[in-house]
>>> print(open('coords_12.txt').read())   # compact mmCIF, C-alpha atoms
# COMPACT_ATOMS: atom_id res chain seq x y z
CA MET A 5 0.00 0.00 0.00
CA GLU A 6 1.23 3.47 -0.89
CA VAL A 7 1.31 6.48 1.41
CA ILE A 8 -0.22 9.47 -0.38
CA ASP A 9 -0.63 13.20 0.12
CA ALA A 10 -3.91 15.03 0.71
CA SER A 11 -4.41 16.11 -2.88
CA THR A 12 -3.88 12.62 -4.22
CA LEU A 13 -6.15 11.25 -1.50
CA ALA A 14 -8.97 13.58 -2.52
CA ALA A 15 -8.60 12.53 -6.16
CA ALA A 16 -8.61 8.86 -5.18
CA VAL A 17 -11.74 9.19 -3.06
CA LEU A 18 -13.56 11.13 -5.76
CA GLY A 19 -12.48 8.65 -8.40
CA HIS A 20 -13.61 5.61 -6.45
CA PHE A 21 -17.07 7.02 -5.84
CA ALA A 22 -17.49 8.81 -9.16
CA ALA A 23 -20.16 6.43 -10.41
CA GLY A 24 -22.55 7.50 -7.65
CA PRO A 25 -22.66 11.24 -8.39
CA THR A 26 -22.56 10.58 -12.12
CA HIS A 27 -25.71 8.47 -12.22
CA ALA A 28 -27.70 9.56 -9.16
CA ALA A 29 -30.95 11.44 -9.76
CA ARG A 30 -30.39 13.45 -6.58
CA PRO A 31 -27.31 14.82 -4.81
CA PHE A 32 -24.95 11.99 -3.85
CA VAL A 33 -24.18 12.31 -0.14
CA LEU A 34 -20.67 11.18 0.72
CA GLY A 35 -20.06 10.86 4.45
CA LEU A 36 -16.56 11.56 5.72
CA SER A 37 -15.71 10.67 9.30
CA GLY A 38 -12.75 10.35 11.64
CA VAL A 39 -11.68 11.30 15.14
CA GLN A 40 -10.86 14.88 16.09
CA GLY A 41 -7.83 16.23 14.24
CA SER A 42 -7.78 13.56 11.53
CA GLY A 43 -8.14 16.07 8.68
CA LYS A 44 -11.80 15.62 7.74
CA SER A 45 -12.46 19.27 6.92
CA THR A 46 -9.32 19.58 4.83
CA LEU A 47 -10.13 16.46 2.84
CA ALA A 48 -13.79 17.45 2.40
CA ALA A 49 -12.73 20.82 0.96
CA ALA A 50 -10.22 19.14 -1.36
CA ILE A 51 -12.83 16.70 -2.65
CA VAL A 52 -15.26 19.55 -3.33
CA ASP A 53 -12.57 21.55 -5.13
CA GLN A 54 -11.68 18.62 -7.37
CA ALA A 55 -15.32 17.82 -8.08
CA ARG A 56 -15.91 21.40 -9.17
CA ALA A 57 -12.80 21.29 -11.33
CA GLN A 58 -14.41 18.36 -13.14
CA GLY A 59 -17.56 20.38 -13.70
CA TRP A 60 -19.63 18.88 -10.90
CA PRO A 61 -21.52 21.26 -8.62
CA ALA A 62 -20.45 20.20 -5.11
CA VAL A 63 -20.72 21.46 -1.53
CA ALA A 64 -19.38 20.45 1.86
CA LEU A 65 -21.45 20.35 5.03
CA SER A 66 -20.29 19.64 8.55
CA LEU A 67 -21.96 18.40 11.70
CA ASP A 68 -19.97 21.18 13.35
CA ASP A 69 -22.13 23.75 11.55
CA VAL A 70 -25.47 22.47 12.83
CA TYR A 71 -24.85 22.61 16.56
CA LEU A 72 -27.72 23.71 18.72
CA THR A 73 -27.51 27.36 19.68
CA ARG A 74 -25.79 28.34 22.89
CA MET A 75 -29.18 29.13 24.45
CA GLN A 76 -30.55 25.71 23.50
CA ARG A 77 -27.52 24.01 25.03
CA GLU A 78 -27.85 26.10 28.17
CA THR A 79 -31.40 24.78 28.47
CA LEU A 80 -30.16 21.21 28.12
CA ALA A 81 -27.50 21.93 30.72
CA LYS A 82 -30.15 23.04 33.20
CA ASP A 83 -32.78 20.44 32.37
CA VAL A 84 -30.67 17.34 31.69
CA HIS A 85 -27.00 17.65 32.66
CA PRO A 86 -24.40 20.45 32.90
CA LEU A 87 -22.05 18.67 30.49
CA LEU A 88 -24.49 19.32 27.66
CA ARG A 89 -23.39 22.92 27.68
CA THR A 90 -20.39 21.71 25.65
CA ARG A 91 -21.14 21.26 21.96
CA GLY A 92 -20.20 18.19 19.97
CA VAL A 93 -21.70 15.06 21.46
CA PRO A 94 -24.82 13.42 20.03
CA GLY A 95 -27.85 15.38 21.14
CA THR A 96 -26.18 18.78 20.67
CA HIS A 97 -26.83 18.96 16.91
CA ASP A 98 -29.89 20.37 15.15
CA LEU A 99 -30.75 17.34 13.03
CA ASN A 100 -33.91 18.97 11.70
CA LEU A 101 -31.83 21.82 10.28
CA LEU A 102 -29.43 19.39 8.63
CA ASP A 103 -32.24 17.27 7.20
CA ALA A 104 -34.02 20.33 5.83
CA THR A 105 -30.80 21.57 4.24
CA LEU A 106 -30.11 18.23 2.56
CA ASP A 107 -33.68 18.10 1.27
CA ALA A 108 -33.57 21.64 -0.06
CA LEU A 109 -30.24 21.24 -1.88
CA ALA A 110 -31.86 18.94 -4.43
CA HIS A 111 -34.09 21.85 -5.50
CA ALA A 112 -31.67 24.77 -5.19
CA SER A 113 -32.09 27.48 -7.81
CA ALA A 114 -31.51 31.17 -8.39
CA THR A 115 -35.06 31.87 -7.23
CA HIS A 116 -34.87 29.42 -4.32
CA PRO A 117 -31.29 29.55 -3.03
CA VAL A 118 -30.35 27.25 -0.15
CA ALA A 119 -28.41 28.69 2.77
CA LEU A 120 -25.69 26.44 4.21
CA PRO A 121 -25.61 26.60 8.03
CA ARG A 122 -22.53 27.99 9.71
CA PHE A 123 -21.47 27.91 13.37
CA ASP A 124 -19.13 30.48 14.93
CA LYS A 125 -16.89 28.52 17.30
CA GLY A 126 -15.32 31.72 18.59
CA GLN A 127 -18.73 32.88 19.81
CA ASP A 128 -19.84 29.32 20.60
CA ASP A 129 -23.08 30.04 18.79
CA ARG A 130 -24.70 29.80 15.39
CA ALA A 131 -23.47 32.43 12.96
CA PRO A 132 -26.07 35.01 11.84
CA VAL A 133 -28.22 33.55 9.08
CA GLU A 134 -27.44 36.46 6.78
CA THR A 135 -23.77 35.37 6.75
CA TRP A 136 -24.47 31.80 5.64
CA PRO A 137 -23.28 31.04 2.09
CA SER A 138 -26.01 30.15 -0.39
CA VAL A 139 -26.26 27.55 -3.13
CA ARG A 140 -28.18 28.31 -6.33
CA VAL A 141 -27.52 25.12 -8.30
CA PRO A 142 -28.41 21.59 -7.14
CA PRO A 143 -25.12 19.92 -6.24
CA ARG A 144 -24.22 16.62 -7.77
CA LEU A 145 -22.09 15.83 -4.71
CA VAL A 146 -22.57 16.72 -1.04
CA VAL A 147 -19.67 15.87 1.29
CA LEU A 148 -20.97 15.60 4.86
CA GLU A 149 -18.17 15.42 7.40
CA GLY A 150 -18.32 14.80 11.13
CA TRP A 151 -16.55 12.94 13.88
CA CYS A 152 -19.32 10.48 14.80
CA LEU A 153 -20.81 9.49 11.44
CA GLY A 154 -22.02 5.90 11.62
CA ALA A 155 -22.10 5.71 15.42
CA LYS A 156 -24.86 3.59 16.95
CA PRO A 157 -26.16 3.37 20.52
CA ALA A 158 -24.13 1.09 22.76
CA ALA A 159 -25.45 -1.59 25.08
CA ALA A 160 -26.56 -0.06 28.40
CA GLU A 161 -24.26 -2.26 30.48
CA THR A 162 -21.19 -0.85 28.73
CA LEU A 163 -21.96 2.63 30.06
CA ILE A 164 -21.78 1.80 33.76
CA GLU A 165 -18.07 2.24 34.39
CA PRO A 166 -16.53 5.68 33.66
CA ILE A 167 -13.67 5.60 31.18
CA ASN A 168 -11.97 8.90 32.06
CA ALA A 169 -11.79 11.63 34.69
CA LEU A 170 -14.61 13.65 33.11
CA GLU A 171 -17.07 10.78 33.40
CA ARG A 172 -15.83 9.82 36.87
CA ASP A 173 -15.91 13.30 38.39
CA GLU A 174 -18.62 15.14 36.42
CA ASP A 175 -20.97 12.31 35.49
CA PRO A 176 -20.63 9.90 38.43
CA ASP A 177 -24.15 8.45 38.09
CA GLY A 178 -23.94 8.11 34.29
CA THR A 179 -26.85 10.46 33.50
CA TRP A 180 -24.98 12.35 30.80
CA ARG A 181 -23.49 9.35 29.02
CA ARG A 182 -26.80 7.45 29.07
CA TRP A 183 -28.62 10.49 27.61
CA VAL A 184 -26.00 10.92 24.86
CA ASN A 185 -26.17 7.21 24.06
CA THR A 186 -29.96 7.35 23.79
CA ARG A 187 -29.81 10.38 21.51
CA LEU A 188 -27.62 8.45 19.07
CA ALA A 189 -30.77 6.63 17.93
CA ASP A 190 -31.96 9.97 16.51
CA TYR A 191 -28.95 9.99 14.18
CA LEU A 192 -29.62 6.63 12.55
CA PRO A 193 -31.97 8.07 9.87
CA LEU A 194 -29.22 10.55 8.98
CA TRP A 195 -26.68 7.76 8.56
CA LYS A 196 -29.13 6.06 6.18
CA ARG A 197 -29.06 9.17 4.00
CA LEU A 198 -25.36 8.62 3.32
CA ASP A 199 -24.78 7.03 -0.06
CA ALA A 200 -21.27 6.09 1.04
CA LEU A 201 -19.15 6.51 4.17
CA VAL A 202 -15.40 7.10 4.06
CA VAL A 203 -13.44 6.98 7.30
CA LEU A 204 -10.04 8.42 8.15
CA ARG A 205 -9.04 5.94 10.83
CA ALA A 206 -6.50 6.99 13.43
CA PRO A 207 -4.08 4.33 14.72
CA SER A 208 -5.47 4.79 18.25
CA TRP A 209 -7.29 7.22 20.50
CA ASP A 210 -3.99 8.12 22.15
CA VAL A 211 -2.78 10.17 19.15
CA VAL A 212 -5.85 12.44 19.18
CA ALA A 213 -4.60 14.68 21.99
CA ARG A 214 -1.33 15.24 20.10
CA TRP A 215 -3.16 16.06 16.86
CA ARG A 216 -5.46 18.52 18.59
CA GLU A 217 -2.54 20.10 20.42
CA GLN A 218 -0.89 20.72 17.07
CA ALA A 219 -4.06 22.42 15.86
CA GLU A 220 -4.41 24.55 18.99
CA GLN A 221 -0.84 25.85 19.07
CA PRO A 222 -1.23 28.32 16.16
CA LEU A 223 -4.48 29.60 17.70
CA ARG A 224 -2.70 30.30 21.00
CA GLU A 225 0.16 32.04 19.19
CA ARG A 226 -2.35 34.30 17.42
CA GLY A 227 -4.16 35.01 20.67
CA GLU A 228 -7.42 33.50 19.44
CA PRO A 229 -10.08 33.65 22.19
CA ARG A 230 -11.20 30.09 21.44
CA ALA A 231 -7.73 28.59 21.84
CA MET A 232 -7.53 26.07 24.68
CA ASN A 233 -4.64 25.46 27.07
CA ALA A 234 -3.50 21.87 27.70
CA PRO A 235 -5.80 21.11 30.68
CA SER A 236 -8.84 22.58 28.91
CA LEU A 237 -8.06 20.62 25.77
CA ALA A 238 -7.67 17.36 27.70
CA ARG A 239 -11.04 17.86 29.39
CA PHE A 240 -12.69 18.82 26.09
CA LEU A 241 -11.51 15.66 24.34
CA GLN A 242 -12.83 13.46 27.12
CA HIS A 243 -16.37 14.38 26.04
CA TYR A 244 -15.76 12.37 22.84
CA GLU A 245 -13.51 9.59 24.08
CA ARG A 246 -16.12 6.92 24.76
CA ILE A 247 -17.83 7.04 21.36
CA SER A 248 -14.56 7.61 19.48
CA ARG A 249 -12.93 4.56 21.04
CA ARG A 250 -15.92 2.45 20.07
CA LEU A 251 -15.93 3.79 16.51
CA LEU A 252 -12.27 2.90 16.10
CA THR A 253 -13.29 -0.74 16.61
CA THR A 254 -16.46 -0.71 14.47
CA TRP A 255 -15.68 1.53 11.49
CA ASP A 256 -14.04 -1.30 9.55
CA SER A 257 -17.36 -3.13 9.33
CA GLU A 258 -19.59 -0.05 8.98
CA ALA A 259 -17.73 2.13 6.47
CA ASP A 260 -17.58 1.71 2.70
CA TRP A 261 -13.92 2.67 2.63
CA VAL A 262 -11.45 2.99 5.51
CA ILE A 263 -8.29 5.00 4.96
CA ALA A 264 -5.61 4.25 7.54
CA LEU A 265 -3.67 7.12 9.09
CA ASP A 266 -0.38 6.69 10.88
CA GLU A 267 0.59 8.73 13.92
CA HIS A 268 1.80 11.55 11.63
CA ARG A 269 -1.54 11.58 9.76
CA HIS A 270 -0.02 10.15 6.61
CA ALA A 271 -2.80 8.37 4.74
CA THR A 272 -2.58 4.95 3.17
CA LEU A 273 -5.19 3.83 0.64
CA PRO A 274 -6.75 0.42 1.19
CA SER A 275 -5.79 -2.26 -1.31
CA THR A 276 -9.40 -3.38 -1.71
CA THR A 277 -12.14 -1.79 -3.78
CA PRO A 278 -14.77 0.05 -1.69
CA ARG A 279 -18.14 -1.65 -1.37
CA SER A 280 -20.19 1.37 -2.30
CA GLY A 281 -21.86 2.94 -5.24
CA ALA A 282 -25.10 4.87 -4.98
CA LYS A 283 -27.59 3.12 -2.75
>>> encode(input="coords_12.txt", output="structure tokens")
Amino acid sequence: MEVIDASTLAAAVLGHFAAGPTHAARPFVLGLSGVQGSGKSTLAAAIVDQARAQGWPAVALSLDDVYLTRMQRETLAKDVHPLLRTRGVPGTHDLNLLDATLDALAHASATHPVALPRFDKGQDDRAPVETWPSVRVPPRLVVLEGWCLGAKPAAAETLIEPINALERDEDPDGTWRRWVNTRLADYLPLWKRLDALVVLRAPSWDVVARWREQAEQPLRERGEPRAMNAPSLARFLQHYERISRRLLTTWDSEADWVIALDEHRHATLPSTTPRSGAK
């Protein structure tokens, strides 16, 4: 197997799934998943760029752009559990907004443009609607990227024991993790909308903290308000550890194509042909 760069990877992914967008009567939805820091957003943008270069209308969407508003998460924090103030886990996304956007894209036009949701992480809130980019042509390809694509609810007995300090100290009775696990059932219809799922698989959960630290360092150097110090980053990542660890063991059987990453995020294409075409 050959280690490839990001540009070549984007071309390979687009080439392998080209039959779907070419023949589908509606936008082909390509899911792109991976743990935090694996390069999903970069690859999604590269795939869209190459699709457009081939003459295909294409757009990228992210689960990160359909978070519930800060006010909605504050309500969850008061009514369900304080940890739900932090965006990212299942149950903190506006699935109705994402579904409506995917539905509308098939009918986008100059007279009925479709606004693509955007979230302002610096403000920890949804960006003003008037700043959302709009689409006026139905895309042939939609790349939907997110860290938990394909995740399913776990068996209740697996949630009993905490797996990190966050769960032990801030969710001692398991209320938060049980609620998040239950909410994952709401995501299953969204996963069914994916015509194919590509996964950037990290070698282990242990490399995630290093990858995110590398991403945070430039933000700190620029004085970005949303930059996290090491303790804050470690706590933040623990929100996602349980589901991410499980996905690292299940993605091989759930995804249409799994691209292995080494600890330096160098990608290696699988030697087998992906299972998918359009569903």
>>> atom_distance(input="coords_12.txt", atom1="atom CA of A:Asp129", atom2="atom CA of A:Ala62")
26.0 Å
>>> atom_distance(input="coords_12.txt", atom1="atom CA of A:Leu241", atom2="atom CA of A:Trp136")
27.9 Å
>>> closest_residue(input="coords_12.txt", among="A:Leu88, A:Val70, A:Val184, A:Leu109", to="A:Pro143", atoms="only C-alpha atoms")
A:Leu109
>>> closest_residue(input="coords_12.txt", among="A:Leu194, A:Ala131, A:Val211, A:Leu87", to="A:Gly178", atoms="only C-alpha atoms")
A:Leu87
>>> closest_residue(input="coords_12.txt", among="A:Leu145, A:Leu120, A:Val203, A:Val63", to="A:Ala22", atoms="only C-alpha atoms")
A:Leu145
>>> atom_distance(input="coords_12.txt", atom1="atom CA of A:His270", atom2="atom CA of A:Gln58")
25.8 Å
>>> closest_residue(input="coords_12.txt", among="A:Arg91, A:His27, A:Arg250, A:His243", to="A:Glu174", atoms="only C-alpha atoms")
A:His243
>>> closest_residue(input="coords_12.txt", among="A:Pro142, A:Pro132, A:Pro222, A:Pro94", to="A:Phe32", atoms="all atoms listed in the file")
A:Pro142
>>> closest_residue(input="coords_12.txt", among="A:Gly126, A:Gly227, A:Pro176, A:Pro61", to="A:Arg30", atoms="only C-alpha atoms")
A:Pro61
>>> residues_around(input="coords_12.txt", residues="A:Trp60", least_positions_apart="6", cutoff="9 Å", atoms="all atoms listed in the file", output="list in words")
Pro25, Thr26, Val52, Gln54, Pro143, Arg144 and Leu145 of chain A
>>> residues_around(input="coords_12.txt", residues="A:Gly43", least_positions_apart="2", cutoff="12 Å", atoms="all atoms listed in the file", output="ChimeraX atom specification")
/A:9-10,13-14,36-41,45-50,149-151,203-206,212,215-216,219,263,265,268-271
>>> write_last_selection(input="coords_12.txt", atoms="C-alpha atoms", output="compact mmCIF listing (two decimals), in the frame of the given file")
# COMPACT_ATOMS: atom_id res chain seq x y z
CA ASP A 9 -0.63 13.20 0.12
CA ALA A 10 -3.91 15.03 0.71
CA LEU A 13 -6.15 11.25 -1.50
CA ALA A 14 -8.97 13.58 -2.52
CA LEU A 36 -16.56 11.56 5.72
CA SER A 37 -15.71 10.67 9.30
CA GLY A 38 -12.75 10.35 11.64
CA VAL A 39 -11.68 11.30 15.14
CA GLN A 40 -10.86 14.88 16.09
CA GLY A 41 -7.83 16.23 14.24
CA SER A 45 -12.46 19.27 6.92
CA THR A 46 -9.32 19.58 4.83
CA LEU A 47 -10.13 16.46 2.84
CA ALA A 48 -13.79 17.45 2.40
CA ALA A 49 -12.73 20.82 0.96
CA ALA A 50 -10.22 19.14 -1.36
CA GLU A 149 -18.17 15.42 7.40
CA GLY A 150 -18.32 14.80 11.13
CA TRP A 151 -16.55 12.94 13.88
CA VAL A 203 -13.44 6.98 7.30
CA LEU A 204 -10.04 8.42 8.15
CA ARG A 205 -9.04 5.94 10.83
CA ALA A 206 -6.50 6.99 13.43
CA VAL A 212 -5.85 12.44 19.18
CA TRP A 215 -3.16 16.06 16.86
CA ARG A 216 -5.46 18.52 18.59
CA ALA A 219 -4.06 22.42 15.86
CA ILE A 263 -8.29 5.00 4.96
CA LEU A 265 -3.67 7.12 9.09
CA HIS A 268 1.80 11.55 11.63
CA ARG A 269 -1.54 11.58 9.76
CA HIS A 270 -0.02 10.15 6.61
CA ALA A 271 -2.80 8.37 4.74
>>> residues_around(input="coords_12.txt", residues="A:Val133", least_positions_apart="6", cutoff="10 Å", atoms="only C-alpha atoms", output="list in words")
Ala119, Leu120, Pro121, Arg122 and Phe123 of chain A
>>> axis_aligned_box(input="coords_12.txt", around="stretch 133-142 of chain A", padding_each_side="3 Å", output="JSON")
{"center_x": -25.8, "center_y": 29.0, "center_z": 0.4, "size_x": 11.1, "size_y": 20.9, "size_z": 23.4}
>>> residues_around(input="coords_12.txt", residues="stretch 75-78 of chain A", least_positions_apart="3", cutoff="8 Å", atoms="all atoms listed in the file", output="VMD selection string")
chain A and resid 72 81 to 82 88 to 91 96
>>> residues_around(input="coords_12.txt", residues="A:Arg187", least_positions_apart="4", cutoff="10 Å", atoms="all atoms listed in the file", output="number ranges by chain")
A: 93-96, 156-157, 181-183, 191-192
